[in-house]
Amino acid sequence: MKILVAVKRVIDYSVRVRLKPDRSGVVTDGVKLSINPFDEIALEEALRIRERGEASEVVVATVGPRDVQTQLRSALAMGADRAIHIESTDPVEPLSVAHVLHALVLEIEPGLVILGKQAIDDDLGQTGPMLAALWGRPQATFVSKLTLKDGVALAVREVDHGLETLALDLPLVVTTDLRLNTPRFIKMPDIMKARQKPIVTRPFASFGLDLPGLVLERLEGPPERKSGIRVESVAALVTQLRERGVV
Amino acid sequence: MEGVLVIAEAQAGDAPISEATLKTLAVAQKIGGAALDVLWVGSDLAPLLARAQALAKVRTFLTFDDPRLAHPTATLVAGLVAERARRYAHVLMPGTSYGRDVLPRLAGLLKTPMVSDVLEVMGARTFKRGIYAGNIHTVVTVPDGMPVLLTVRLASWQAVAPGAGGGIPVEPCPIPETLPETARFVALAVDPSDRPDLQSARRVVSGGRALGSRENFALLERLAERLHAAIGASRAAVDAGYAPNDLQVGQTGKIIAPELYLAFGISGAIQHLTGIRDARTIVAVNKDPEAPIFKVADIGLVGDLFEVIPELLAELDRQGAEP
Ligand SMILES: Cc1cc2nc3c(=O)[nH]c(=O)nc-3n(C[C@H](O)[C@H](O)[C@H](O)COP(=O)(O)OP(=O)(O)OC[C@H]3O[C@@H](n4cnc5c(N)ncnc54)[C@H](O)[C@@H]3O)c2cc1C
Ligand SMILES: Nc1ncnc2c1ncn2[C@@H]1O[C@H](COP(=O)(O)O)[C@@H](O)[C@H]1O
């Protein structure tokens, strides 16, 4: 069985993102870029499944600009067997990414596709379920535990009121929650090894997608909270709460 | 394609109508349009539909009512409702774990883009939503000629008050004899708690890594009880096993908008702050005067939470705070 993992490059989670002064986009110059944290977890899960002998190959795929190869090299250093880079200079929306991934799925025929539950830049959380729909296969989103046995996946999902367990037939689409696992650190020799691993690049245009997308009207900073006060004692705190009518 | 369809939160027939559904109806009313229909998927829906008759301005209730749908999976629901959904100009779902699971799958079936977590309706096809953990807002328009699919960011909306409705016709939708079984419900583990629901509570008492253990985390219980508050937690506290996962507040947990949010020993990482941006009054107690949470707190107190909490309980009584 093969596993396909979708990874997106995003601004690192530790960066405080700022709008450009002309509000045409966010500041990316000199800003640290990383694999979306949920996708690192997706990759880690795929690697563990392969290491348990339940999968033969882990393929990572990304849609992004030329220099996203840096992040693909990290994915290969983590342990992916090969990478597919769909090159696009413009940002691509979830529906298009899902179509691209679907095309790859038809070529690779994986038993499992793992994505992040959301990308921390757009915070949309759409790509996984969209891919599952296009592919006509079941989905398990927000997964915090995954086991495979005899062509069936048992997935524990983090839902609003607790933990839900589903049984799903392979092949299927899984999206990861943060508690699924903790991704491994990359070691020096792995970086050297990763240099030998293949990255295939294909232009986004070769997929012949011309899907209508949403129109971005404008970007805004969120309304600022005005700065508050400090109190010196618990008594002063309660007095403040009383004055504000919240207790 | 005309009218607005709200796909209601899946729920058992004997529970009150979910707040998430009522908030989604508020968004539907804001959008307006020719007609508003509400679709329910579940088992034994009659009692629920009877209660829902109080809703105002709804044209029809559509139901997929079947014992096999007691715990509907997104894989099943999206396929089941797709034919119906296709007839509407707008399809709305609450931004719950259910809506976030079902609606993007439905969008995939309809091959149409969707808008996640709408926080403001600017026009029938134009919406505001947050990106980068809510640090930036974007305004997006869905072009003409395609349906508008959106989920609702619940913390940004007030539930509609049930009106003087009544007489809303119920239209059962046909359910195929064999349902796809590629995804099967096995179990739902709910943490038993009689605390108010985190997402709709007026007050929330929340704890971070500093609590140090599951036993210490229970300190918050007494305060929460005194204030009739729900309990929340940072991711660090959940990961360390001090609190169950459904109490996590933040970008990847719950986004909440209580009147009062009390944060104890939480540093204030942006991913956490995303979850409380709409709280009316934020109180932070942290022993580090430089903790980032103080930048957003309306009231900050530098101190050791293990001393502050007992004092706070006593002081609330002394000043006669309303429970
Ligand atoms: C993709 C992604 C998503 C994330 N999503 C979320 C999310 O949804 N929610 C979330 O919360 N986090 C989330 N995080 C994690 C987030 O970045 C922080 O790591 C986390 O919020 C830290 O939790 P904390 O404040 O409890 O712990 P810490 O950062 O360790 O802070 C503990 C605080 O307690 C104070 N303290 C210690 N002892 C005491 C005492 N006795 N009395 C008073 N104060 C004391 C310390 O000064 C410190 O400020 C996410 C991270 C990533 C990468
Ligand atoms: N450009 C992309 N390239 C590869 N995978 C992506 C891309 N965009 C989204 N994904 C995958 O889809 C998940 C959810 O993204 P989103 O729907 O944008 O929130 C991510 O965590 C990735 O696994």
# chains A, B, ... in the order shown; residues from 1 in each chain; ligands from 1
>>> residues_around(residues="Pro222 (chain A)", least_positions_apart="4", cutoff="8 Å", atoms="only C-alpha atoms", output="ChimeraX atom specification")
/B:134-137
>>> residues_around(residues="Met130 (chain A)", least_positions_apart="2", cutoff="6 Å", atoms="only C-alpha atoms", output="PyMOL selection string")
(chain A and resi 98+127-128+132-133) or (chain B and resi 104-105+108)
>>> write_last_selection(atoms="all heavy atoms", output="CSV table (one decimal), in the first residue's frame")
chain,number,residue,atom,x,y,z
A,98,ALA,N,-7.5,20.1,-4.4
A,98,ALA,CA,-8.2,18.8,-4.3
A,98,ALA,C,-8.2,18.2,-5.7
A,98,ALA,O,-8.0,16.9,-5.8
A,98,ALA,CB,-9.6,19.0,-3.7
A,127,THR,N,-9.6,21.2,2.0
A,127,THR,CA,-9.0,20.4,0.9
A,127,THR,C,-9.3,18.9,1.1
A,127,THR,O,-9.6,18.2,0.2
A,127,THR,CB,-7.5,20.7,0.9
A,127,THR,OG1,-7.3,22.1,0.8
A,127,THR,CG2,-6.9,20.1,-0.4
A,128,GLY,N,-9.1,18.4,2.3
A,128,GLY,CA,-9.3,16.9,2.6
A,128,GLY,C,-10.7,16.4,2.2
A,128,GLY,O,-10.8,15.5,1.4
A,132,ALA,N,-11.8,13.9,-0.8
A,132,ALA,CA,-12.6,12.6,-0.6
A,132,ALA,C,-13.8,12.6,-1.4
A,132,ALA,O,-14.2,11.5,-2.0
A,132,ALA,CB,-12.9,12.5,0.9
A,133,ALA,N,-14.5,13.7,-1.6
A,133,ALA,CA,-15.7,13.8,-2.4
A,133,ALA,C,-15.4,13.5,-3.9
A,133,ALA,O,-16.1,12.7,-4.5
A,133,ALA,CB,-16.4,15.1,-2.2
B,104,PRO,N,-17.5,21.0,3.5
B,104,PRO,CA,-16.4,20.9,2.4
B,104,PRO,C,-16.6,19.6,1.5
B,104,PRO,O,-16.2,19.7,0.4
B,104,PRO,CB,-15.1,20.9,3.2
B,104,PRO,CG,-15.4,20.8,4.6
B,104,PRO,CD,-16.8,21.1,4.8
B,105,ARG,N,-17.1,18.6,2.1
B,105,ARG,CA,-17.4,17.4,1.3
B,105,ARG,C,-18.5,17.7,0.3
B,105,ARG,O,-18.4,17.3,-0.9
B,105,ARG,CB,-17.7,16.2,2.2
B,105,ARG,CG,-17.8,14.9,1.3
B,105,ARG,CD,-18.0,13.6,2.2
B,105,ARG,NE,-18.1,12.5,1.3
B,105,ARG,CZ,-17.1,11.6,1.1
B,105,ARG,NH1,-15.9,11.7,1.7
B,105,ARG,NH2,-17.3,10.6,0.3
B,108,GLY,N,-17.2,19.6,-2.5
B,108,GLY,CA,-16.5,18.8,-3.4
B,108,GLY,C,-17.4,18.1,-4.3
B,108,GLY,O,-17.2,18.0,-5.5
>>> interface_residues(of="chain B", to="chain A", cutoff="7 Å", atoms="only C-alpha atoms", output="PyMOL selection string")
chain B and resi 75+96-97+101+104-105+107-109+113+116+131-133+135-143+182-191+246+259-260+295-301+308+311-312+315-316+321-322
>>> closest_atom_pairs(of="chain B", to="ligand 1", cutoff="8 Å", atoms="only C-alpha atoms and all ligand atoms", output="CSV")
residue,atom,partner,partner_atom_place_in_ligand_line,distance
B:Gly207,CA,ligand 1,26 (O),6.7
B:Gly208,CA,ligand 1,26 (O),3.1
B:Arg209,CA,ligand 1,26 (O),3.8
B:Ala210,CA,ligand 1,37 (C),4.2
B:Leu211,CA,ligand 1,41 (N),7.1
B:Ala233,CA,ligand 1,11 (O),6.7
B:Ser234,CA,ligand 1,11 (O),3.3
B:Arg235,CA,ligand 1,11 (O),3.9
B:Ala236,CA,ligand 1,23 (O),4.2
B:Ala237,CA,ligand 1,26 (O),5.5
B:Gln248,CA,ligand 1,9 (N),5.9
B:Val249,CA,ligand 1,9 (N),5.0
B:Gly250,CA,ligand 1,8 (O),3.3
B:Gln251,CA,ligand 1,8 (O),4.0
B:Thr252,CA,ligand 1,8 (O),3.7
B:Gly253,CA,ligand 1,8 (O),4.3
B:Lys254,CA,ligand 1,8 (O),7.1
B:Phe264,CA,ligand 1,43 (C),6.1
B:Gly265,CA,ligand 1,34 (O),3.5
B:Ile266,CA,ligand 1,25 (O),3.5
B:Ser267,CA,ligand 1,49 (O),3.4
B:Gly268,CA,ligand 1,25 (O),5.5
B:Ala269,CA,ligand 1,21 (O),5.0
B:Ile270,CA,ligand 1,17 (O),6.6
B:Gln271,CA,ligand 1,6 (C),4.6
B:His272,CA,ligand 1,11 (O),3.9
B:Leu273,CA,ligand 1,11 (O),7.6
B:Thr274,CA,ligand 1,8 (O),7.8
B:Gly275,CA,ligand 1,8 (O),7.0
B:Val285,CA,ligand 1,43 (C),5.9
B:Asn286,CA,ligand 1,44 (N),3.6
B:Lys287,CA,ligand 1,44 (N),4.2
B:Asp288,CA,ligand 1,47 (O),4.3
B:Pro289,CA,ligand 1,47 (O),7.9
B:Ala291,CA,ligand 1,49 (O),5.1
B:Pro292,CA,ligand 1,49 (O),7.7
B:Ile293,CA,ligand 1,49 (O),7.8
B:Val302,CA,ligand 1,43 (C),7.6
B:Gly303,CA,ligand 1,43 (C),5.8
B:Asp304,CA,ligand 1,42 (N),3.6
B:Leu305,CA,ligand 1,42 (N),3.9
B:Phe306,CA,ligand 1,41 (N),5.9
>>> residues_around(residues="Ala155 (chain B)", least_positions_apart="5", cutoff="12 Å", atoms="only C-alpha atoms", output="ChimeraX atom specification")
/B:19-20,23-24,94-96,117-120,198-202,249-250,254-259,274-280
>>> write_last_selection(atoms="N, CA and C atoms", output="mmCIF file, in the first residue's frame")
data_model
loop_
_atom_site.group_PDB
_atom_site.id
_atom_site.type_symbol
_atom_site.label_atom_id
_atom_site.label_comp_id
_atom_site.auth_asym_id
_atom_site.auth_seq_id
_atom_site.Cartn_x
_atom_site.Cartn_y
_atom_site.Cartn_z
ATOM 1 N N GLU B 19 -27.762 25.538 19.793
ATOM 2 C CA GLU B 19 -27.396 26.951 19.663
ATOM 3 C C GLU B 19 -26.672 27.193 18.330
ATOM 4 N N ALA B 20 -25.877 26.216 17.910
ATOM 5 C CA ALA B 20 -25.143 26.348 16.648
ATOM 6 C C ALA B 20 -26.119 26.516 15.481
ATOM 7 N N LYS B 23 -27.682 30.024 15.619
ATOM 8 C CA LYS B 23 -26.767 31.059 15.132
ATOM 9 C C LYS B 23 -26.664 31.023 13.608
ATOM 10 N N THR B 24 -26.717 29.834 13.062
ATOM 11 C CA THR B 24 -26.654 29.711 11.608
ATOM 12 C C THR B 24 -27.905 30.313 10.980
ATOM 13 N N PRO B 94 -23.370 25.334 10.489
ATOM 14 C CA PRO B 94 -22.621 25.904 11.610
ATOM 15 C C PRO B 94 -21.155 25.472 11.559
ATOM 16 N N GLY B 95 -20.291 26.319 12.086
ATOM 17 C CA GLY B 95 -18.864 26.000 12.122
ATOM 18 C C GLY B 95 -18.507 25.073 13.273
ATOM 19 N N THR B 96 -19.268 24.012 13.428
ATOM 20 C CA THR B 96 -19.003 22.981 14.437
ATOM 21 C C THR B 96 -18.151 21.890 13.797
ATOM 22 N N ASP B 117 -16.050 29.627 8.024
ATOM 23 C CA ASP B 117 -16.002 30.470 9.221
ATOM 24 C C ASP B 117 -16.311 31.938 8.969
ATOM 25 N N VAL B 118 -17.487 32.201 8.450
ATOM 26 C CA VAL B 118 -17.891 33.574 8.151
ATOM 27 C C VAL B 118 -18.134 34.339 9.449
ATOM 28 N N LEU B 119 -17.503 35.507 9.571
ATOM 29 C CA LEU B 119 -17.723 36.284 10.788
ATOM 30 C C LEU B 119 -18.590 37.499 10.533
ATOM 31 N N GLU B 120 -18.770 37.862 9.268
ATOM 32 C CA GLU B 120 -19.649 38.986 8.973
ATOM 33 C C GLU B 120 -20.211 38.830 7.566
ATOM 34 N N LEU B 198 -18.908 24.905 27.011
ATOM 35 C CA LEU B 198 -17.832 25.883 26.774
ATOM 36 C C LEU B 198 -18.209 26.892 25.690
ATOM 37 N N GLN B 199 -18.823 26.403 24.630
ATOM 38 C CA GLN B 199 -19.053 27.270 23.483
ATOM 39 C C GLN B 199 -20.137 28.328 23.722
ATOM 40 N N SER B 200 -21.063 28.045 24.628
ATOM 41 C CA SER B 200 -22.138 29.021 24.794
ATOM 42 C C SER B 200 -22.153 29.662 26.182
ATOM 43 N N ALA B 201 -21.182 29.296 27.037
ATOM 44 C CA ALA B 201 -21.197 29.808 28.413
ATOM 45 C C ALA B 201 -20.939 31.316 28.461
ATOM 46 N N ARG B 202 -21.574 31.990 29.432
ATOM 47 C CA ARG B 202 -21.342 33.427 29.612
ATOM 48 C C ARG B 202 -19.988 33.688 30.252
ATOM 49 N N VAL B 249 -9.210 25.719 23.996
ATOM 50 C CA VAL B 249 -9.613 26.996 23.421
ATOM 51 C C VAL B 249 -8.515 27.449 22.465
ATOM 52 N N GLY B 250 -8.891 27.913 21.281
ATOM 53 C CA GLY B 250 -7.885 28.466 20.382
ATOM 54 C C GLY B 250 -8.104 28.107 18.931
ATOM 55 N N LYS B 254 -11.696 25.474 20.454
ATOM 56 C CA LYS B 254 -12.949 26.207 20.297
ATOM 57 C C LYS B 254 -12.697 27.715 20.273
ATOM 58 N N ILE B 255 -13.451 28.380 19.444
ATOM 59 C CA ILE B 255 -13.424 29.840 19.374
ATOM 60 C C ILE B 255 -14.630 30.300 20.179
ATOM 61 N N ILE B 256 -14.402 31.088 21.213
ATOM 62 C CA ILE B 256 -15.499 31.403 22.116
ATOM 63 C C ILE B 256 -15.628 32.905 22.313
ATOM 64 N N ALA B 257 -16.790 33.342 22.771
ATOM 65 C CA ALA B 257 -17.021 34.768 22.984
ATOM 66 C C ALA B 257 -17.802 34.992 24.272
ATOM 67 N N PRO B 258 -17.267 34.553 25.408
ATOM 68 C CA PRO B 258 -18.008 34.736 26.656
ATOM 69 C C PRO B 258 -17.950 36.196 27.123
ATOM 70 N N GLU B 259 -18.819 36.510 28.085
ATOM 71 C CA GLU B 259 -18.744 37.854 28.669
ATOM 72 C C GLU B 259 -17.488 38.000 29.509
ATOM 73 N N THR B 274 -6.437 33.567 19.493
ATOM 74 C CA THR B 274 -7.441 33.458 18.430
ATOM 75 C C THR B 274 -8.790 33.023 18.983
ATOM 76 N N GLY B 275 -8.744 32.188 19.979
ATOM 77 C CA GLY B 275 -9.967 31.601 20.504
ATOM 78 C C GLY B 275 -10.754 32.531 21.396
ATOM 79 N N ILE B 276 -10.141 33.648 21.853
ATOM 80 C CA ILE B 276 -10.809 34.502 22.840
ATOM 81 C C ILE B 276 -10.914 35.961 22.411
ATOM 82 N N ARG B 277 -10.562 36.204 21.152
ATOM 83 C CA ARG B 277 -10.545 37.579 20.638
ATOM 84 C C ARG B 277 -11.877 38.301 20.848
ATOM 85 N N ASP B 278 -12.983 37.557 20.829
ATOM 86 C CA ASP B 278 -14.299 38.186 20.937
ATOM 87 C C ASP B 278 -14.867 38.159 22.351
ATOM 88 N N ALA B 279 -14.084 37.694 23.303
ATOM 89 C CA ALA B 279 -14.561 37.723 24.694
ATOM 90 C C ALA B 279 -14.710 39.183 25.114
ATOM 91 N N ARG B 280 -15.747 39.470 25.924
ATOM 92 C CA ARG B 280 -15.951 40.873 26.281
ATOM 93 C C ARG B 280 -14.895 41.338 27.285
#
>>> closest_residue(among="A:Met188, A:Ala55, A:Leu112, A:Val92", to="ligand 2", atoms="only C-alpha atoms and all ligand atoms")
A:Val92
>>> residues_around(residues="region 65-77 of chain A", least_positions_apart="5", cutoff="8 Å", atoms="only C-alpha atoms", output="number ranges by chain")
A: 9, 34-35, 40, 43, 60, 82-83, 85, 87-90, 186-187, 190-195, 197, 199
>>> write_last_selection(atoms="N, CA and C atoms", output="compact mmCIF listing (two decimals), in the first residue's frame")
# COMPACT_ATOMS: atom_id res chain seq x y z
N ARG A 9 3.28 24.66 2.18
CA ARG A 9 4.21 25.57 2.85
C ARG A 9 3.45 26.79 3.34
N SER A 34 7.61 27.36 6.69
CA SER A 34 7.72 25.96 7.12
C SER A 34 6.60 25.14 6.51
N ILE A 35 6.73 23.83 6.67
CA ILE A 35 5.61 22.95 6.33
C ILE A 35 4.50 23.21 7.36
N GLU A 40 3.02 18.20 8.77
CA GLU A 40 4.16 17.49 9.36
C GLU A 40 3.65 16.29 10.15
N LEU A 43 2.62 13.64 7.72
CA LEU A 43 3.78 12.91 7.20
C LEU A 43 4.31 11.94 8.26
N VAL A 60 5.07 12.45 -0.95
CA VAL A 60 4.54 13.75 -0.55
C VAL A 60 4.29 14.58 -1.80
N ARG A 82 9.56 9.84 -1.92
CA ARG A 82 9.70 10.73 -3.08
C ARG A 82 8.70 11.86 -2.98
N ALA A 83 8.92 12.87 -3.83
CA ALA A 83 8.09 14.07 -3.74
C ALA A 83 7.62 14.49 -5.12
N HIS A 85 6.16 17.88 -6.99
CA HIS A 85 5.99 19.33 -6.85
C HIS A 85 5.14 19.84 -8.01
N GLU A 87 4.05 22.93 -9.66
CA GLU A 87 4.55 24.29 -9.56
C GLU A 87 3.51 25.32 -10.00
N SER A 88 3.27 26.26 -9.11
CA SER A 88 2.33 27.34 -9.40
C SER A 88 2.82 28.59 -8.70
N THR A 89 2.96 29.65 -9.43
CA THR A 89 3.45 30.89 -8.80
C THR A 89 2.33 31.56 -8.01
N ASP A 90 1.09 31.40 -8.49
CA ASP A 90 -0.03 32.02 -7.78
C ASP A 90 -0.55 31.08 -6.70
N ILE A 186 14.64 16.15 12.35
CA ILE A 186 15.47 15.72 11.23
C ILE A 186 16.93 15.70 11.68
N LYS A 187 17.63 14.60 11.36
CA LYS A 187 19.04 14.51 11.73
C LYS A 187 19.92 14.77 10.51
N ASP A 190 20.16 12.38 7.61
CA ASP A 190 18.91 12.31 6.84
C ASP A 190 18.87 13.39 5.77
N ILE A 191 19.46 14.54 6.09
CA ILE A 191 19.48 15.63 5.11
C ILE A 191 20.34 15.22 3.93
N MET A 192 21.48 14.57 4.23
CA MET A 192 22.36 14.11 3.14
C MET A 192 21.62 13.08 2.28
N LYS A 193 20.96 12.13 2.94
CA LYS A 193 20.25 11.08 2.21
C LYS A 193 19.15 11.66 1.32
N ALA A 194 18.50 12.69 1.85
CA ALA A 194 17.37 13.27 1.13
C ALA A 194 17.79 13.87 -0.20
N ARG A 195 19.07 14.24 -0.30
CA ARG A 195 19.55 14.84 -1.57
C ARG A 195 19.44 13.87 -2.72
N LYS A 197 17.06 11.66 -3.07
CA LYS A 197 15.68 11.23 -3.34
C LYS A 197 15.04 12.09 -4.43
N ILE A 199 12.59 14.36 -6.70
CA ILE A 199 11.47 15.31 -6.70
C ILE A 199 11.07 15.50 -8.16
>>> atom_distance(atom1="atom 5 (N, counted along the ligand's line) of ligand 2", atom2="CA of Ile114 (chain A)")
9.8 Å
>>> residues_around(residues="Ala46 (chain A)", least_positions_apart="4", cutoff="7 Å", atoms="only C-alpha atoms", output="JSON, numbers by chain")
{"A": [3, 42, 50, 58]}
>>> select_by_dssp(residues="region 52-236 of chain A", states="helix (DSSP H, G or I)", output="ChimeraX atom specification")
/A:66-78,94-108,127-135,178-180,188-194,204-207,234-236
>>> closest_residue(among="B:Leu262, B:Glu221, B:Arg100, B:Gln29", to="ligand 2", atoms="only C-alpha atoms and all ligand atoms")
B:Arg100
